[in-house]
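**Student:** Right, I'll just put the structure down here and ask away after.
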Amino acid sequence: MPILPGPRLSPAVQLLHHPVAIGPFTARGNLFLAPVAGYSDAAYRAICRAEGADLCYTEMVSSEGLTRGHEKTNSLLERDASESEYAIQIFGAKPEVMAEAARALAPWKPALIDVNCGCPVPKIVKSGAGSALMLEPAKIGKIVEAMRRALDATGMASVPVTVKFRLGWDESSINYLEVAKIAEDGGAAALTLHARTRAQGYSGKADWHALTNLSASTRLPVFGSGDAFSSIEARRMLEETGVSGVMIARGAMGNPFVFSETLALLEGEVGQPPTRSRRIEVARRHLELSAHFIGERQACLEFRKHFCAYTKGEAGGASLRAEAVRATSIEEFGLLFRRWAEFA
Ligand SMILES: Cc1cc2nc3c(=O)[nH]c(=O)nc-3n(C[C@H](O)[C@H](O)[C@H](O)COP(=O)(O)O)c2cc1C
C-alpha cells in the first residue's frame with residue numbers, strides 16, 4: 001500500500017501496537033479480525049491477515065456440531081497455509097459439551113479458543129448459548145473451568161480459553177464486571193467486551209467507558225469490540241480506553257485495508273486509502289481463495305455480499321451490485337471486475 005509520509009506521533013502513540021500475551025500464547029500484535037458469522041471464513045481471514053490483521057477469529061462454531069463431528073461444522077475450521085495461527089470461537093450452553101468440543105479442536109491447532117457469550121440471535125439465545133449466558137454468569141465460569149480442565153488433561157495446556165461477552169442482557173442488568181471476574185476465576189486468559197447489551201443488538205453506540213472500566217478492573221488483557229470502523233477509530237479506542245487490543249468486525253467488511261491503514265496510523269504514518277485497482281485485485285484474490293476452499297459456485301454465492309461491501313461508495317457501484325447479486329461464476333464476476341476498473 002502506498003504510504004504518504006505523515007506527521008510523526010509520540011512514542012506513546014506508536015506503542016499502541018504491540019504483542020499481547022494471552023496466557024501461554026503471544027499474539028504478534030493487537031489488531032484483530034472479530035468473529036463474524038457468515039464472513040470470517042478461511043478466505044476472508046487470509047485476506048485480512050495479508051492486510052495486517054495480527055490474529056483472526058473464526059466465526060462461532062457449534063460445540064454440539066464439533067462433538068458430533070459434523071462435516072459442515074468442521075468446514076468452518078479450515079484455514080489457508082498463509083494463516084499461521086488463528087483463534088477459534090465456539091458456542092454452546094453445556095459445560096461438558098463445550099469441554100468436549102474444546103478437546104475435539106486439537107487437530108486444528110488453535111492459538112486460543114474463545115467462548116461466545118454475546119450472540120443475540122434468537123435461535124442461539126433460545127438454546128441458552130450466546131448472550132443468554134449473560135443471564136447465568138455462574139455458568140460462564142463453569143464452561144471456562146470445564147474447557148480449561150479438558151484442555152489441560154489432553155495435552156492442550158498451552159491453548160488459552162478466552163471469553164467474548166456483552167455489557168449485559170439489557171440496560172437494567174449490566175453485569176460485565178461480574179462476568180469478567182467469574183471468567184477470570186474460571187481460568188480465562190483474556191476477555192473481549194462488545195460494549196453493547198443484548199437488547200441493543202448491533203445498534204446504538206458502543207459504550208467505550210465500559211472498556212475503560214473493564215481494563216482498569218482486571219489483570220487480564222481486554223480486547224475492545226464495537227464501533228472501531230476505521231483506522232482513526234481503532235487508534236482512538238486504544239488511546240482512550242486502555243484496552244490491550246482492538247477487534248474490528250463491520251469495519252473490515254469489503255475493507256480489509258482497515259488493518260493496513262490502522263497499522264500505518266499506529267506507526268505514525270498516514271496510510272492512503274487503496275487505489276481502485278488494488279481494491280479490485282484484493283477482491284478478486286478473495287473470490288479465488290474462496291473458490292479454492294468451497295468450490296466455485298458456493299464461493300460466488302457467498303462472495304455476492306463481499307462484492308457489495310467492496311464496491312460500497314465506488315463509482316458505478318450500484319449498477320455493479322445489481323448484477324453481482326445474480327452472479328454464479330468466476331467468469332461473471334470477472335466481467336464485473338473489468339467494468340468496475342473502467343468506471344471513470
Ligand atoms: C453479521 C455479524 C455476525 C457476527 N457474528 C459473530 C460471531 O460469530 N461471534 C461473535 O462473537 N460475534 C459476532 N458478531 C459481533 C462482532 O464480532 C462484533 O463484536 C460486533 O459486530 C461489534 O463490532 P463492530 O462495531 O466492529 O462491528 C457478529 C456481528 C455481525 C454484524
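Chain labels run A, B, ... following the order of the C-alpha cells; each chain numbers its residues from 1, and ligands are numbered from 1 in the order shown.
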Would you mind writing down, as a PyMOL selection string, each residue of region 224-300 of chain A that DSSP on the backbone assigns to strand (DSSP E)?

**Tutor:** chain A and resi 224-225+245-248+270-271

**Student:** Ligand 1: which residues are within 8 Å, counting only C-alpha atoms and all ligand atoms, as JSON, numbers by chain?

**Tutor:** {"A": [34, 35, 36, 37, 38, 39, 58, 59, 60, 61, 89, 115, 116, 117, 118, 119, 164, 165, 193, 194, 195, 202, 206, 225, 226, 227, 228, 229, 247, 248, 249, 250, 251, 252]}

**Student:** Just C-alpha atoms for this one: save the residues we selected as a short mmCIF file (atom, residue, chain, number, x, y, z; two decimals), in the first residue's frame.

**Tutor:**
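Saved the output as part.cif:
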data_model
loop_
_atom_site.label_atom_id
_atom_site.label_comp_id
_atom_site.auth_asym_id
_atom_site.auth_seq_id
_atom_site.Cartn_x
_atom_site.Cartn_y
_atom_site.Cartn_z
CA ALA A 34 -13.51 -10.26 15.02
CA PRO A 35 -15.52 -13.47 14.78
CA VAL A 36 -18.29 -12.71 12.28
CA ALA A 37 -20.79 -15.40 11.31
CA GLY A 38 -21.12 -15.73 7.55
CA TYR A 39 -17.91 -13.77 6.94
CA THR A 58 -13.27 -17.96 13.07
CA GLU A 59 -16.96 -17.35 13.17
CA MET A 60 -18.74 -19.01 16.09
CA VAL A 61 -18.70 -22.78 15.72
CA GLN A 89 -14.67 -19.34 18.70
CA VAL A 115 -16.31 -18.72 24.21
CA ASN A 116 -19.21 -16.83 22.65
CA CYS A 117 -21.30 -15.09 25.31
CA GLY A 118 -22.61 -12.34 23.08
CA CYS A 119 -24.59 -13.71 20.14
CA LYS A 164 -16.24 -12.65 24.44
CA PHE A 165 -19.25 -11.07 26.06
CA LEU A 193 -16.06 -6.95 25.51
CA HIS A 194 -18.54 -5.99 22.81
CA ALA A 195 -19.65 -2.87 24.58
CA TYR A 202 -25.77 -4.02 16.87
CA ALA A 206 -20.90 1.04 21.90
CA SER A 225 -15.16 -4.55 20.23
CA GLY A 226 -17.75 -2.11 18.95
CA ASP A 227 -17.59 0.85 16.59
CA ALA A 228 -13.94 0.62 15.56
CA PHE A 229 -14.98 1.13 11.95
CA MET A 247 -11.22 -6.07 17.32
CA ILE A 248 -12.74 -4.97 14.04
CA ALA A 249 -15.88 -6.57 12.61
CA ARG A 250 -18.13 -4.49 10.35
CA GLY A 251 -15.34 -2.04 9.53
CA ALA A 252 -13.43 -4.79 7.72
#

**Student:** Could you check how far CA of Gly254 (chain A) sits from CA of Ala309 (chain A), in Å to one decimal?

**Tutor:** 4.3 Å

**Student:** Closest to Arg149 (chain A) among A:Arg166, A:Trp108, A:Arg103, A:Phe333, using only C-alpha atoms?

**Tutor:**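 Once distances to Arg149 (chain A) are computed over only C-alpha atoms, the minimum belongs to A:Arg103.
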
**Student:** Find, counting only C-alpha atoms, the residue in A:Phe91, A:Phe259, A:Phe223, A:Tyr86 that gets nearest to Ser127 (chain A).

**Tutor:**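 Counting only C-alpha atoms, the residue closest to Ser127 (chain A) is A:Phe91.
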
**Student:** Give me, as a PyMOL selection string, all polymer residues having an atom no more than 7 Å from region 67-77 of chain A, counting only C-alpha atoms and skipping those fewer than 3 positions away in the same chain.

**Tutor:** chain A and resi 41+61-64+100-101+104

**Student:** Would you kindly return, as number ranges by chain, each protein, DNA or RNA residue with an atom no farther than 10 Å from any atom of Gly224 (chain A), considering only C-alpha atoms and excluding same-chain residues fewer than 5 positions away?

**Tutor:** A: 32, 164, 191-195, 206, 208, 210-212, 214-215, 234, 237-238, 241-248

**Student:** Find the residue from A:Glu288, A:Asp207, A:Glu78, A:Glu83 that sits nearest to Gly52 (chain A); use only C-alpha atoms when measuring.

**Tutor:**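 Residue with the minimum atom-to-atom distance to Gly52 (chain A): A:Glu83.
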
**Student:** Mind checking which residues fall within 7 Å of Met98 (chain A), counting only C-alpha atoms, ignoring those fewer than 4 positions away in the same chain, and posting them as number ranges by chain?

**Tutor:** A: 63, 92, 94, 102, 143, 147

**Student:** Write the residues you've just listed into a file as an mmCIF file, in the first residue's frame, and include C-alpha atoms for each of them.

**Tutor:**
data_model
loop_
_atom_site.group_PDB
_atom_site.id
_atom_site.type_symbol
_atom_site.label_atom_id
_atom_site.label_comp_id
_atom_site.auth_asym_id
_atom_site.auth_seq_id
_atom_site.Cartn_x
_atom_site.Cartn_y
_atom_site.Cartn_z
ATOM 1 C CA SER A 63 -19.966 -27.106 20.246
ATOM 2 C CA GLY A 92 -22.879 -23.685 23.457
ATOM 3 C CA LYS A 94 -23.455 -27.017 28.337
ATOM 4 C CA ALA A 102 -12.517 -27.878 23.013
ATOM 5 C CA ILE A 143 -17.898 -23.531 30.961
ATOM 6 C CA MET A 147 -12.830 -26.323 28.995
#

**Student:** What is the distance, in Å and to one decimal place, between CA of Arg148 (chain A) and CA of Asp54 (chain A)?

**Tutor:**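 Separation of CA of Arg148 (chain A) and CA of Asp54 (chain A): 24.3 Å.
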
**Student:** Can you pull out the residues contacting Lys142 (chain A)? Cut-off 10 Å, using only C-alpha atoms, and skip same-chain residues under 2 positions away; I want them as a list of chain:residue names.

**Tutor:**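 Listed by chain and then number, they are A:Lys94, A:Pro95, A:Glu96, A:Met98, A:Ala99, A:Pro137, A:Ala138, A:Lys139, A:Ile140, A:Val144, A:Glu145, A:Ala146, A:Met147, A:Arg148, A:Ile182, A:Ala183, A:Asp185, A:Gly186, A:Gly187.
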
**Student:** So that I can check the secondary structure, give me every residue of region 140-333 of chain A assigned alpha helix (DSSP H) by backbone DSSP, as a PyMOL selection string.

**Tutor:** chain A and resi 140-153+176-186+208-217+231-241+257-266+276-294+296-310+317-324+330-333
